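Report on the structure given below.
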Amino acid sequence: MFKHILVPVDGSKTSMLAVSKAAGLAKTFGSAVTAVYVIDPYPFTGVGADFAYGQAQYISAATSEANAALDATKKAMADAGVQVTTVVGEGHAVHDGILRALESTGADLIVMGSHGRRGLEKLVLGSVTQRVLGVVHIPVLVVRD
């Protein structure tokens with residue numbers, strides 16, 4: 001039914017629950033799986049050249065965080081007997097990076113976690129899942145803890 005599953009991860013408990021769900025679906029349907037971690041490569045745009053050193057430190061830390069999350073995803077998928085391709089995506093907004101990964105992989109299902117933020121926290125932090133749901137034209141399985 002689903003040939004390719006895209007799983008956005010951020011290293012959180014909720015995203016790892018989505019990884020587990022995606023692994024089960026991939027085994028059931030024989031699907032290919034791609035996990036993506038999205039970083040903003042230019043978070044200091046517009047604040048001046050004085051932040052160039054801070055940007056290098058940020059990129060190093062963000063890449064390390066991405067690799068740790070993707071390594072945990074690889075391990076969870078391997079433990080479930082599923083092969084996974086991992087990608088570090090880029091985007092000023094996480095949902096933009098997810099959409100680029102979707103376009104490049106041709107996935108026909110997205111399985112992603114949602115932290116279930118409400119009220120002021122949702123207003124301030126936003127909802128990546130909500131933004132993805134608003135723009136994609138394929139099924140999205142939202143996993144909550």
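By convention in this document, the chains of the structure tokens carry letters A, B, ... by their order, each chain's residues are numbered from 1, and ligands are numbered from 1 in the order they are shown.
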(Q) Just want the 8 Å neighbourhood of region 83-94 of chain A, counted on only C-alpha atoms, with same-chain residues fewer than 6 positions away dropped. Output as JSON, numbers by chain. (A) {"A": [32, 33, 34, 35, 36, 37, 38, 39, 40, 41, 42, 43, 66, 70, 74, 77, 100, 101, 128]}
Residues as selected, N, CA and C atoms, written as a short mmCIF file (atom, residue, chain, number, x, y, z; two decimals), in the first residue's frame, can you do that?
data_model
loop_
_atom_site.label_atom_id
_atom_site.label_comp_id
_atom_site.auth_asym_id
_atom_site.auth_seq_id
_atom_site.Cartn_x
_atom_site.Cartn_y
_atom_site.Cartn_z
N ALA A 32 10.01 1.28 1.70
CA ALA A 32 11.29 1.95 1.94
C ALA A 32 11.04 3.03 2.98
N VAL A 33 12.06 3.36 3.76
CA VAL A 33 11.91 4.39 4.79
C VAL A 33 13.06 5.38 4.69
N THR A 34 12.71 6.66 4.75
CA THR A 34 13.71 7.71 4.85
C THR A 34 13.41 8.53 6.10
N ALA A 35 14.43 8.71 6.94
CA ALA A 35 14.31 9.57 8.12
C ALA A 35 15.03 10.87 7.82
N VAL A 36 14.40 11.99 8.19
CA VAL A 36 15.01 13.29 7.93
C VAL A 36 15.05 14.10 9.23
N TYR A 37 16.16 14.77 9.44
CA TYR A 37 16.33 15.72 10.53
C TYR A 37 16.62 17.05 9.85
N VAL A 38 15.85 18.08 10.17
CA VAL A 38 15.99 19.37 9.50
C VAL A 38 16.66 20.38 10.42
N ILE A 39 17.71 21.03 9.89
CA ILE A 39 18.36 22.12 10.61
C ILE A 39 18.26 23.39 9.78
N ASP A 40 18.28 24.52 10.46
CA ASP A 40 18.32 25.82 9.80
C ASP A 40 19.79 26.20 9.68
N PRO A 41 20.35 26.18 8.47
CA PRO A 41 21.78 26.43 8.34
C PRO A 41 22.17 27.89 8.56
N TYR A 42 21.22 28.80 8.53
CA TYR A 42 21.53 30.22 8.65
C TYR A 42 20.66 30.90 9.70
N PRO A 43 20.74 30.48 10.95
CA PRO A 43 19.84 31.07 11.96
C PRO A 43 20.20 32.51 12.32
N ALA A 66 21.75 16.39 15.01
CA ALA A 66 21.10 15.68 13.90
C ALA A 66 21.65 14.26 13.78
N LEU A 70 19.58 10.80 14.20
CA LEU A 70 19.52 9.85 13.08
C LEU A 70 20.17 8.52 13.43
N LYS A 74 18.39 4.96 13.18
CA LYS A 74 18.97 3.80 12.49
C LYS A 74 18.95 2.57 13.40
N MET A 77 15.35 1.26 13.84
CA MET A 77 14.90 0.60 12.62
C MET A 77 15.60 -0.74 12.44
N ARG A 100 10.89 19.56 1.30
CA ARG A 100 11.96 19.29 0.32
C ARG A 100 12.34 17.81 0.35
N ALA A 101 12.40 17.24 1.55
CA ALA A 101 12.72 15.81 1.65
C ALA A 101 11.61 14.98 1.01
N VAL A 128 4.94 22.25 13.84
CA VAL A 128 5.50 21.75 12.58
C VAL A 128 4.50 20.80 11.94
#
- Item | Leu141 (chain A) environment, 8 Å, only C-alpha atoms, sequence neighbours closer than 4 positions dropped, as a VMD selection string | chain A and resid 109 to 112
Could you write out, as a short mmCIF file (atom, residue, chain, number, x, y, z; two decimals) with C-alpha atoms, in the first residue's frame, all the residues of region 5-64 of chain A that DSSP marks as strand (DSSP E or B)?
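Final output, result.cif:
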data_model
loop_
_atom_site.label_atom_id
_atom_site.label_comp_id
_atom_site.auth_asym_id
_atom_site.auth_seq_id
_atom_site.Cartn_x
_atom_site.Cartn_y
_atom_site.Cartn_z
CA ILE A 5 7.59 6.35 4.22
CA LEU A 6 9.16 9.65 5.29
CA VAL A 7 9.82 10.03 9.02
CA PRO A 8 10.87 13.48 10.28
CA ALA A 32 11.29 1.95 1.94
CA VAL A 33 11.91 4.39 4.79
CA THR A 34 13.71 7.71 4.85
CA ALA A 35 14.31 9.57 8.12
CA VAL A 36 15.01 13.29 7.93
CA TYR A 37 16.33 15.72 10.53
CA VAL A 38 15.99 19.37 9.50
CA ILE A 39 18.36 22.12 10.61
#
If you count only C-alpha atoms, which residues fall within 8 Å of Ala69 (chain A), apart from same-chain ones fewer than 6 positions away, as a PDB file with C-alpha atoms, in the first residue's frame?
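Ended up saving to part_3.pdb:
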ATOM      1  CA  VAL A   9      12.821  13.136  13.538  1.00  0.00           C
ATOM      2  CA  ASP A  10      14.115  15.560  16.126  1.00  0.00           C
ATOM      3  CA  GLY A  11      15.516  13.189  18.734  1.00  0.00           C
ATOM      4  CA  TYR A  37      16.334  15.723  10.528  1.00  0.00           C
TER       5      TYR A  37
END
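For the set A:Gly134, A:Gly30, A:Gly113, A:Gly106, the residue with the smallest atom-to-atom gap to Met16 (chain A) is A:Gly113, counting only C-alpha atoms.
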